[in-house]
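Novice: One file: structure.txt (compact mmCIF, C-alpha atoms and all ligand atoms).
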```txt
# COMPACT_ATOMS: atom_id res chain seq x y z
CA MET A 26 116.20 71.31 104.14
CA GLY A 27 112.56 72.24 104.81
CA GLU A 28 113.56 73.71 108.18
CA GLU A 29 116.35 75.72 106.54
CA LYS A 30 113.84 77.13 104.07
CA THR A 31 111.42 78.06 106.84
CA ALA A 32 114.22 79.72 108.83
CA GLY A 33 115.24 81.68 105.70
CA GLN A 34 111.65 82.78 105.11
CA SER A 35 111.18 83.97 108.70
CA VAL A 36 114.42 86.00 108.50
CA ALA A 37 113.15 87.58 105.26
CA CYS A 38 109.81 88.31 106.94
CA GLU A 39 111.58 89.91 109.88
CA TYR A 40 113.41 92.27 107.55
CA LEU A 41 110.27 93.17 105.62
CA LEU A 42 108.40 93.89 108.85
CA GLN A 43 111.05 96.44 109.80
CA ALA A 44 109.51 98.73 107.18
CA LEU A 45 106.54 99.26 109.51
CA ARG A 46 108.81 101.33 111.76
CA CYS A 47 109.64 103.73 108.92
CA VAL A 48 108.59 107.34 109.47
CA GLN A 49 109.26 108.35 105.84
CA CYS A 50 111.90 110.91 106.83
CA GLY A 51 113.87 110.25 103.63
CA LYS A 52 117.31 110.22 105.27
CA CYS A 53 118.05 106.88 103.61
CA SER A 54 117.32 108.28 100.14
CA SER A 55 119.22 111.51 100.67
CA GLY A 56 122.39 109.58 101.53
CA CYS A 57 122.00 106.95 98.83
CA PRO A 58 124.57 107.24 96.01
CA VAL A 59 122.25 105.72 93.39
CA ALA A 60 118.81 107.04 94.41
CA PHE A 61 118.94 109.71 91.68
CA GLU A 62 118.94 107.00 89.00
CA THR A 63 115.26 106.01 89.27
CA ARG A 64 112.04 107.53 90.52
CA HIS A 65 112.00 104.77 93.15
CA THR A 66 114.11 105.43 96.23
CA PRO A 67 114.72 103.38 99.39
CA ARG A 68 112.11 105.56 101.14
CA LYS A 69 109.55 104.80 98.45
CA VAL A 70 110.24 101.06 98.62
CA MET A 71 109.64 101.26 102.39
CA ARG A 72 106.33 103.00 101.69
CA PHE A 73 105.26 100.19 99.36
CA LEU A 74 105.96 97.69 102.13
CA GLN A 75 104.07 99.74 104.70
CA ARG A 76 101.05 99.63 102.43
CA GLY A 77 101.41 95.88 102.02
CA TRP A 78 102.44 96.22 98.36
CA VAL A 79 105.14 93.58 98.63
CA GLU A 80 105.10 92.66 94.93
CA GLU A 81 105.46 96.31 93.86
CA ALA A 82 108.36 96.70 96.26
CA ALA A 83 110.02 93.50 95.01
CA ARG A 84 109.58 94.57 91.39
CA SER A 85 111.11 98.00 91.96
CA PRO A 86 113.88 98.73 89.42
CA PHE A 87 115.79 100.31 92.28
CA LEU A 88 116.63 96.91 93.77
CA GLU A 89 119.03 96.09 90.94
CA LEU A 90 120.80 99.43 91.38
CA CYS A 91 121.39 99.15 95.11
CA ALA A 92 125.13 98.78 95.72
CA GLN A 93 124.68 97.47 99.28
CA CYS A 94 126.92 100.24 100.58
CA GLN A 95 124.88 100.40 103.84
CA ALA A 96 124.76 104.22 103.92
CA CYS A 97 120.96 104.07 104.29
CA THR A 98 121.15 101.66 107.21
CA VAL A 99 123.66 103.85 109.04
CA ARG A 100 121.52 106.98 108.50
CA CYS A 101 118.13 105.56 109.47
CA PRO A 102 116.94 107.14 112.74
CA ARG A 103 114.55 104.22 113.29
CA GLY A 104 117.30 101.59 113.23
CA ILE A 105 115.88 99.91 110.15
CA GLU A 106 118.36 97.71 108.29
CA VAL A 107 117.33 99.27 104.99
CA SER A 108 119.96 97.55 102.85
CA GLU A 109 119.02 94.16 104.34
CA VAL A 110 115.34 94.84 103.64
CA LEU A 111 116.23 95.59 100.02
CA LEU A 112 118.32 92.43 99.81
CA ALA A 113 115.44 90.35 101.22
CA LEU A 114 113.16 91.87 98.57
CA ARG A 115 115.65 91.05 95.85
CA ARG A 116 115.78 87.42 96.98
CA LEU A 117 111.98 87.31 97.12
CA ALA A 118 111.75 88.72 93.58
CA ARG A 119 114.10 86.02 92.27
CA ALA A 120 112.26 83.26 94.11
CA LYS A 121 108.87 84.43 92.78
CA GLY A 122 110.07 85.09 89.23
CA TRP A 123 109.37 88.83 89.57
CA ALA A 124 112.98 89.85 89.01
CA ARG A 125 113.65 91.87 85.89
CA GLU A 126 115.92 90.50 83.18
CA ASP A 127 119.32 91.78 84.13
CA GLY A 128 121.36 92.01 80.92
CA PHE A 129 124.38 93.60 82.60
CA HIS A 130 125.00 90.86 85.16
CA LYS A 131 124.16 88.09 82.71
CA SER A 132 126.64 89.45 80.17
CA MET A 133 129.32 89.83 82.81
CA GLU A 134 128.79 86.26 84.03
CA ARG A 135 128.93 84.89 80.48
CA MET A 136 132.14 86.77 79.66
CA ILE A 137 133.89 85.52 82.79
CA ARG A 138 132.73 81.96 82.11
CA GLU A 139 133.83 82.03 78.47
CA ASN A 140 137.00 84.15 78.63
CA GLY A 141 137.99 84.31 82.27
CA ARG A 142 137.86 88.12 82.12
CA VAL A 143 135.53 91.00 81.34
CA ASN A 144 135.83 93.11 78.21
CA GLU A 145 134.68 96.51 79.46
CA MET A 146 133.75 97.76 76.00
CA LYS A 147 131.55 94.75 75.21
CA LEU A 148 130.02 94.81 78.68
CA GLY A 149 129.15 98.49 78.35
CA LEU A 150 127.50 97.87 74.99
CA ALA A 151 125.60 94.83 76.29
CA ALA A 152 124.29 96.88 79.20
CA GLN A 153 122.97 99.58 76.87
CA LEU A 154 121.52 97.25 74.24
CA GLY A 155 117.79 97.73 73.78
CA ARG A 156 117.68 100.66 76.22
CA ILE A 157 117.38 104.36 75.71
CA PRO A 158 120.60 105.71 77.27
CA ARG A 159 119.80 107.65 80.40
CA HIS A 160 123.00 109.68 80.30
CA PRO A 161 124.06 109.83 76.64
CA PHE A 162 126.58 112.67 77.09
CA GLU A 163 128.21 111.11 80.13
CA ASP A 164 128.37 107.79 78.25
CA LEU A 165 130.09 109.44 75.30
CA LEU A 166 132.57 111.15 77.60
CA LEU A 167 133.29 107.82 79.28
CA LEU A 168 133.81 106.23 75.87
CA PHE A 169 136.31 108.94 75.01
CA LYS A 170 138.18 108.44 78.30
CA MET A 171 138.29 104.69 77.68
CA PHE A 172 139.69 105.34 74.22
CA LEU A 173 142.44 107.58 75.67
CA ARG A 174 143.40 104.88 78.14
CA GLY A 175 143.60 102.22 75.42
CA LYS A 176 140.60 100.29 76.73
CA LEU A 177 138.86 100.15 73.37
CA PRO A 178 139.77 97.44 70.88
S1 LIG B 1 122.71 100.18 100.50
FE1 LIG B 1 121.61 100.53 98.57
S2 LIG B 1 119.82 101.76 99.12
FE2 LIG B 1 121.27 101.87 100.82
S3 LIG B 1 122.45 103.74 100.45
FE3 LIG B 1 123.61 102.03 99.58
S4 LIG B 1 122.97 101.92 97.44
FE4 LIG B 1 121.44 103.18 98.51
S1 LIG B 2 115.76 106.69 106.97
FE1 LIG B 2 114.61 105.03 107.95
S2 LIG B 2 112.78 106.02 108.79
FE2 LIG B 2 113.67 107.44 107.31
S3 LIG B 2 112.62 107.00 105.36
FE3 LIG B 2 114.46 105.76 105.39
S4 LIG B 2 113.85 103.79 106.25
FE4 LIG B 2 112.24 105.28 106.74
```
Please render this file's structure as structure tokens.
Specialist:
Amino acid sequence: MGEEKTAGQSVACEYLLQALRCVQCGKCSSGCPVAFETRHTPRKVMRFLQRGWVEEAARSPFLELCAQCQACTVRCPRGIEVSEVLLALRRLARAKGWAREDGFHKSMERMIRENGRVNEMKLGLAAQLGRIPRHPFEDLLLLFKMFLRGKLP
């Protein structure tokens, strides 16, 4: 068990060290489908790691947004496995208790456990609860589309 943990930690370390090869070209961020959502981008997270700011990198709100689509990894001219680095950071954040409360995933998990399915309306509301909507007009439009498709109760 102890050996497994050590092996896991060294793999995580290997991924984090890849950031030292980053030349800050930004190709990862420009191809990322969710980078526009926060002021942190994959490039910026790499910069944090290069400076040794591991906790800042692991606390980045971007980590929860990453869809693990691998576009950044494919685009990186330095062969950095960007998505794996982000995943390693996410695991580190959970292990250290730095991870942010994730209402969306918690609500989804609870709904599946209790009802065996997800109610999209309730999940959408739970995700927005206590937050200032970032895209209020798009959200309203989505609500309208859901209504037209009979997805609202
Ligand atoms: S794996 Fe994550 S960081 Fe990379 S392009 Fe996809 S969403 Fe963006
Ligand atoms: S594409 Fe690669 S080298 Fe360029 S900023 Fe992103 S991680 Fe760094």
Novice: Enumerate, in order of chain and increasing residue number, the residues of chain A with an atom no farther than 12 Å from ligand LIG 1 (chain B), each with its shortest atom pair and distance in Å to one decimal, counting all atoms listed in the file, as a tab-separated table.
Specialist:
```
residue	atom	partner	partner_atom	distance
A:Gly51	CA	B:LIG1	S3	11.2
A:Lys52	CA	B:LIG1	S3	9.6
A:Cys53	CA	B:LIG1	S3	6.3
A:Ser54	CA	B:LIG1	FE4	6.8
A:Ser55	CA	B:LIG1	S3	8.4
A:Gly56	CA	B:LIG1	S3	5.9
A:Cys57	CA	B:LIG1	S3	3.6
A:Pro58	CA	B:LIG1	FE4	5.7
A:Val59	CA	B:LIG1	S4	5.6
A:Ala60	CA	B:LIG1	FE4	6.2
A:Phe61	CA	B:LIG1	FE4	9.8
A:Glu62	CA	B:LIG1	FE4	10.5
A:Thr63	CA	B:LIG1	FE4	11.5
A:His65	CA	B:LIG1	S2	10.3
A:Thr66	CA	B:LIG1	S2	7.4
A:Pro67	CA	B:LIG1	S2	5.4
A:Arg68	CA	B:LIG1	S2	8.8
A:Lys69	CA	B:LIG1	S2	10.7
A:Val70	CA	B:LIG1	S2	9.6
A:Met71	CA	B:LIG1	S2	10.7
A:Ser85	CA	B:LIG1	S2	11.9
A:Pro86	CA	B:LIG1	S2	11.8
A:Phe87	CA	B:LIG1	S2	8.1
A:Leu88	CA	B:LIG1	FE1	7.8
A:Glu89	CA	B:LIG1	FE1	9.2
A:Leu90	CA	B:LIG1	S4	6.9
A:Cys91	CA	B:LIG1	FE1	3.7
A:Ala92	CA	B:LIG1	S4	4.2
A:Gln93	CA	B:LIG1	S1	3.6
A:Cys94	CA	B:LIG1	FE3	3.9
A:Gln95	CA	B:LIG1	S1	4.0
A:Ala96	CA	B:LIG1	S3	4.2
A:Cys97	CA	B:LIG1	FE2	4.1
A:Thr98	CA	B:LIG1	FE2	6.4
A:Val99	CA	B:LIG1	S3	8.7
A:Arg100	CA	B:LIG1	S3	8.7
A:Cys101	CA	B:LIG1	FE2	9.9
A:Ile105	CA	B:LIG1	FE2	11.0
A:Glu106	CA	B:LIG1	FE2	9.0
A:Val107	CA	B:LIG1	FE2	6.3
A:Ser108	CA	B:LIG1	S1	4.5
A:Glu109	CA	B:LIG1	S1	8.0
A:Val110	CA	B:LIG1	S2	9.4
A:Leu111	CA	B:LIG1	S2	7.2
A:Leu112	CA	B:LIG1	FE1	8.8
A:Leu114	CA	B:LIG1	S2	11.9
A:Arg115	CA	B:LIG1	FE1	11.5
```
Novice: Take the selection from the previous step and output its residues with C-alpha atoms, as a tab-separated table (two decimals), in the coordinates of the input.
Specialist:
```
chain	number	residue	atom	x	y	z
A	51	GLY	CA	113.87	110.25	103.63
A	52	LYS	CA	117.31	110.22	105.27
A	53	CYS	CA	118.05	106.88	103.61
A	54	SER	CA	117.32	108.28	100.14
A	55	SER	CA	119.22	111.51	100.67
A	56	GLY	CA	122.39	109.58	101.53
A	57	CYS	CA	122.00	106.95	98.83
A	58	PRO	CA	124.57	107.24	96.01
A	59	VAL	CA	122.25	105.72	93.39
A	60	ALA	CA	118.81	107.04	94.41
A	61	PHE	CA	118.94	109.71	91.68
A	62	GLU	CA	118.94	107.00	89.00
A	63	THR	CA	115.26	106.01	89.27
A	65	HIS	CA	112.00	104.77	93.15
A	66	THR	CA	114.11	105.43	96.23
A	67	PRO	CA	114.72	103.38	99.39
A	68	ARG	CA	112.11	105.56	101.14
A	69	LYS	CA	109.55	104.80	98.45
A	70	VAL	CA	110.24	101.06	98.62
A	71	MET	CA	109.64	101.26	102.39
A	85	SER	CA	111.11	98.00	91.96
A	86	PRO	CA	113.88	98.73	89.42
A	87	PHE	CA	115.79	100.31	92.28
A	88	LEU	CA	116.63	96.91	93.77
A	89	GLU	CA	119.03	96.09	90.94
A	90	LEU	CA	120.80	99.43	91.38
A	91	CYS	CA	121.39	99.15	95.11
A	92	ALA	CA	125.13	98.78	95.72
A	93	GLN	CA	124.68	97.47	99.28
A	94	CYS	CA	126.92	100.24	100.58
A	95	GLN	CA	124.88	100.40	103.84
A	96	ALA	CA	124.76	104.22	103.92
A	97	CYS	CA	120.96	104.07	104.29
A	98	THR	CA	121.15	101.66	107.21
A	99	VAL	CA	123.66	103.85	109.04
A	100	ARG	CA	121.52	106.98	108.50
A	101	CYS	CA	118.13	105.56	109.47
A	105	ILE	CA	115.88	99.91	110.15
A	106	GLU	CA	118.36	97.71	108.29
A	107	VAL	CA	117.33	99.27	104.99
A	108	SER	CA	119.96	97.55	102.85
A	109	GLU	CA	119.02	94.16	104.34
A	110	VAL	CA	115.34	94.84	103.64
A	111	LEU	CA	116.23	95.59	100.02
A	112	LEU	CA	118.32	92.43	99.81
A	114	LEU	CA	113.16	91.87	98.57
A	115	ARG	CA	115.65	91.05	95.85
```
Novice: Considering all atoms listed in the file, state which residue in the set A:Leu45, A:Leu177, A:Met133, A:Cys50 is at the smallest distance from ligand LIG 2 (chain B).
Specialist: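 For ligand LIG 2 (chain B), the nearest of the given residues is A:Cys50.
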Novice: So what do you get for atom CA of Gly141 of chain A versus atom CA of Ala120 of chain A, distance-wise?
Specialist: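 Calculated distance between atom CA of Gly141 of chain A and atom CA of Ala120 of chain A is 28.3 Å.
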Novice: Find, counting all atoms listed in the file, the residue in A:Arg64, A:His130, A:Leu74, A:Cys38 that gets nearest to ligand LIG 2 (chain B).
Specialist: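 Among the listed residues, A:Leu74 lies closest to ligand LIG 2 (chain B).
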Novice: I'd like the interatomic distance between atom CA of Asn144 of chain A and atom CA of Arg125 of chain A, to a tenth of an Å.
Specialist: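 Atom-to-atom, atom CA of Asn144 of chain A to atom CA of Arg125 of chain A, that is 23.5 Å.
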Novice: Atom CA of Ala118 of chain A and atom CA of Arg84 of chain A are how many Å apart?
Specialist: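 Here the two named atoms are 6.6 Å from each other.
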Novice: Please report, as lines of an AutoDock Vina configuration file, the centre and edge lengths in Å to one decimal of an axis-aligned box covering all listed atoms of segment 94-107 of chain A with 5 Å per side.
Specialist:
```
center_x = 120.7
center_y = 102.4
center_z = 106.9
size_x = 22.4
size_y = 19.4
size_z = 22.7
```
Novice: Closest to ligand LIG 2 (chain B) among A:Leu150, A:Ala83, A:Met171, A:Leu42, using only C-alpha atoms and all ligand atoms?
Specialist: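 Smallest separation from ligand LIG 2 (chain B) among the options: A:Leu42.
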Novice: Between A:Glu80, A:Leu166, A:Arg142, A:Ala152, which is the closest to Arg119 of chain A once you count only C-alpha atoms?
Specialist: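 Nearest to Arg119 of chain A: A:Glu80.
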Novice: Taking all atoms listed in the file into account, which of A:Leu168, A:Ala113, A:Ala44, A:Met146 comes nearest ligand LIG 2 (chain B)?
Specialist: A:Ala44
Novice: Could you add whatever atoms are missing so that segment 121-156 of chain A carries N, CA and C atoms, then write the result as a PDB file, keeping the file's coordinate frame?
Specialist:
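This is the output file rebuild31.pdb:
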```pdb
ATOM      1  N   LYS A 121     110.237  84.375  93.330  1.00  0.00           N
ATOM      2  CA  LYS A 121     108.870  84.430  92.780  1.00  0.00           C
ATOM      3  C   LYS A 121     108.851  84.639  91.266  1.00  0.00           C
ATOM      4  N   GLY A 122     110.032  84.844  90.675  1.00  0.00           N
ATOM      5  CA  GLY A 122     110.070  85.090  89.230  1.00  0.00           C
ATOM      6  C   GLY A 122     109.654  86.509  88.870  1.00  0.00           C
ATOM      7  N   TRP A 123     109.736  87.442  89.840  1.00  0.00           N
ATOM      8  CA  TRP A 123     109.370  88.830  89.570  1.00  0.00           C
ATOM      9  C   TRP A 123     110.562  89.658  89.120  1.00  0.00           C
ATOM     10  N   ALA A 124     111.772  89.075  89.290  1.00  0.00           N
ATOM     11  CA  ALA A 124     112.980  89.850  89.010  1.00  0.00           C
ATOM     12  C   ALA A 124     113.047  90.224  87.536  1.00  0.00           C
ATOM     13  N   ARG A 125     113.524  91.424  87.272  1.00  0.00           N
ATOM     14  CA  ARG A 125     113.650  91.870  85.890  1.00  0.00           C
ATOM     15  C   ARG A 125     114.848  91.198  85.252  1.00  0.00           C
ATOM     16  N   GLU A 126     114.783  91.026  83.908  1.00  0.00           N
ATOM     17  CA  GLU A 126     115.920  90.500  83.180  1.00  0.00           C
ATOM     18  C   GLU A 126     117.098  91.444  83.373  1.00  0.00           C
ATOM     19  N   ASP A 127     118.189  90.926  83.854  1.00  0.00           N
ATOM     20  CA  ASP A 127     119.320  91.780  84.130  1.00  0.00           C
ATOM     21  C   ASP A 127     120.446  91.510  83.136  1.00  0.00           C
ATOM     22  N   GLY A 128     120.404  92.232  82.003  1.00  0.00           N
ATOM     23  CA  GLY A 128     121.360  92.010  80.920  1.00  0.00           C
ATOM     24  C   GLY A 128     122.795  92.248  81.346  1.00  0.00           C
ATOM     25  N   PHE A 129     123.015  93.244  82.193  1.00  0.00           N
ATOM     26  CA  PHE A 129     124.380  93.600  82.600  1.00  0.00           C
ATOM     27  C   PHE A 129     125.055  92.430  83.330  1.00  0.00           C
ATOM     28  N   HIS A 130     124.393  91.936  84.380  1.00  0.00           N
ATOM     29  CA  HIS A 130     125.000  90.860  85.160  1.00  0.00           C
ATOM     30  C   HIS A 130     125.124  89.571  84.368  1.00  0.00           C
ATOM     31  N   LYS A 131     124.109  89.310  83.526  1.00  0.00           N
ATOM     32  CA  LYS A 131     124.160  88.090  82.710  1.00  0.00           C
ATOM     33  C   LYS A 131     125.342  88.144  81.758  1.00  0.00           C
ATOM     34  N   SER A 132     125.539  89.314  81.113  1.00  0.00           N
ATOM     35  CA  SER A 132     126.640  89.450  80.170  1.00  0.00           C
ATOM     36  C   SER A 132     127.978  89.301  80.881  1.00  0.00           C
ATOM     37  N   MET A 133     128.071  89.908  82.056  1.00  0.00           N
ATOM     38  CA  MET A 133     129.320  89.830  82.810  1.00  0.00           C
ATOM     39  C   MET A 133     129.640  88.371  83.177  1.00  0.00           C
ATOM     40  N   GLU A 134     128.622  87.660  83.634  1.00  0.00           N
ATOM     41  CA  GLU A 134     128.790  86.260  84.030  1.00  0.00           C
ATOM     42  C   GLU A 134     129.250  85.429  82.826  1.00  0.00           C
ATOM     43  N   ARG A 135     128.592  85.675  81.672  1.00  0.00           N
ATOM     44  CA  ARG A 135     128.930  84.890  80.480  1.00  0.00           C
ATOM     45  C   ARG A 135     130.365  85.158  80.036  1.00  0.00           C
ATOM     46  N   MET A 136     130.780  86.426  80.075  1.00  0.00           N
ATOM     47  CA  MET A 136     132.140  86.770  79.660  1.00  0.00           C
ATOM     48  C   MET A 136     133.177  86.102  80.547  1.00  0.00           C
ATOM     49  N   ILE A 137     132.934  86.124  81.857  1.00  0.00           N
ATOM     50  CA  ILE A 137     133.890  85.520  82.790  1.00  0.00           C
ATOM     51  C   ILE A 137     133.956  84.014  82.557  1.00  0.00           C
ATOM     52  N   ARG A 138     132.766  83.408  82.331  1.00  0.00           N
ATOM     53  CA  ARG A 138     132.730  81.960  82.110  1.00  0.00           C
ATOM     54  C   ARG A 138     133.464  81.594  80.826  1.00  0.00           C
ATOM     55  N   GLU A 139     133.249  82.385  79.770  1.00  0.00           N
ATOM     56  CA  GLU A 139     133.830  82.030  78.470  1.00  0.00           C
ATOM     57  C   GLU A 139     135.288  82.445  78.323  1.00  0.00           C
ATOM     58  N   ASN A 140     135.644  83.627  78.879  1.00  0.00           N
ATOM     59  CA  ASN A 140     137.000  84.150  78.630  1.00  0.00           C
ATOM     60  C   ASN A 140     137.850  84.312  79.885  1.00  0.00           C
ATOM     61  N   GLY A 141     137.230  84.144  81.043  1.00  0.00           N
ATOM     62  CA  GLY A 141     137.990  84.310  82.270  1.00  0.00           C
ATOM     63  C   GLY A 141     138.214  85.775  82.630  1.00  0.00           C
ATOM     64  N   ARG A 142     137.730  86.686  81.831  1.00  0.00           N
ATOM     65  CA  ARG A 142     137.860  88.120  82.120  1.00  0.00           C
ATOM     66  C   ARG A 142     136.720  88.905  81.471  1.00  0.00           C
ATOM     67  N   VAL A 143     136.615  90.175  81.876  1.00  0.00           N
ATOM     68  CA  VAL A 143     135.530  91.000  81.340  1.00  0.00           C
ATOM     69  C   VAL A 143     136.104  92.006  80.345  1.00  0.00           C
ATOM     70  N   ASN A 144     135.477  92.086  79.182  1.00  0.00           N
ATOM     71  CA  ASN A 144     135.830  93.110  78.210  1.00  0.00           C
ATOM     72  C   ASN A 144     134.910  94.300  78.489  1.00  0.00           C
ATOM     73  N   GLU A 145     135.500  95.382  78.997  1.00  0.00           N
ATOM     74  CA  GLU A 145     134.680  96.510  79.460  1.00  0.00           C
ATOM     75  C   GLU A 145     133.853  97.136  78.332  1.00  0.00           C
ATOM     76  N   MET A 146     134.455  97.172  77.149  1.00  0.00           N
ATOM     77  CA  MET A 146     133.750  97.760  76.000  1.00  0.00           C
ATOM     78  C   MET A 146     132.492  96.952  75.675  1.00  0.00           C
ATOM     79  N   LYS A 147     132.690  95.613  75.558  1.00  0.00           N
ATOM     80  CA  LYS A 147     131.550  94.750  75.210  1.00  0.00           C
ATOM     81  C   LYS A 147     130.497  94.776  76.318  1.00  0.00           C
ATOM     82  N   LEU A 148     130.964  94.813  77.563  1.00  0.00           N
ATOM     83  CA  LEU A 148     130.020  94.810  78.680  1.00  0.00           C
ATOM     84  C   LEU A 148     129.189  96.093  78.679  1.00  0.00           C
ATOM     85  N   GLY A 149     129.845  97.210  78.414  1.00  0.00           N
ATOM     86  CA  GLY A 149     129.150  98.490  78.350  1.00  0.00           C
ATOM     87  C   GLY A 149     128.091  98.481  77.256  1.00  0.00           C
ATOM     88  N   LEU A 150     128.453  97.925  76.100  1.00  0.00           N
ATOM     89  CA  LEU A 150     127.500  97.870  74.990  1.00  0.00           C
ATOM     90  C   LEU A 150     126.330  96.944  75.320  1.00  0.00           C
ATOM     91  N   ALA A 151     126.660  95.792  75.935  1.00  0.00           N
ATOM     92  CA  ALA A 151     125.600  94.830  76.290  1.00  0.00           C
ATOM     93  C   ALA A 151     124.619  95.448  77.270  1.00  0.00           C
ATOM     94  N   ALA A 152     125.156  96.256  78.183  1.00  0.00           N
ATOM     95  CA  ALA A 152     124.290  96.880  79.200  1.00  0.00           C
ATOM     96  C   ALA A 152     123.338  97.895  78.571  1.00  0.00           C
ATOM     97  N   GLN A 153     123.785  98.527  77.490  1.00  0.00           N
ATOM     98  CA  GLN A 153     122.970  99.580  76.870  1.00  0.00           C
ATOM     99  C   GLN A 153     122.015  99.042  75.813  1.00  0.00           C
ATOM    100  N   LEU A 154     122.294  97.813  75.350  1.00  0.00           N
ATOM    101  CA  LEU A 154     121.520  97.250  74.240  1.00  0.00           C
ATOM    102  C   LEU A 154     120.017  97.230  74.546  1.00  0.00           C
ATOM    103  N   GLY A 155     119.241  97.764  73.628  1.00  0.00           N
ATOM    104  CA  GLY A 155     117.790  97.730  73.780  1.00  0.00           C
ATOM    105  C   GLY A 155     117.258  98.760  74.762  1.00  0.00           C
ATOM    106  N   ARG A 156     118.148  99.641  75.274  1.00  0.00           N
ATOM    107  CA  ARG A 156     117.680 100.660  76.220  1.00  0.00           C
ATOM    108  C   ARG A 156     117.911 102.039  75.639  1.00  0.00           C
TER     109      ARG A 156
END
```
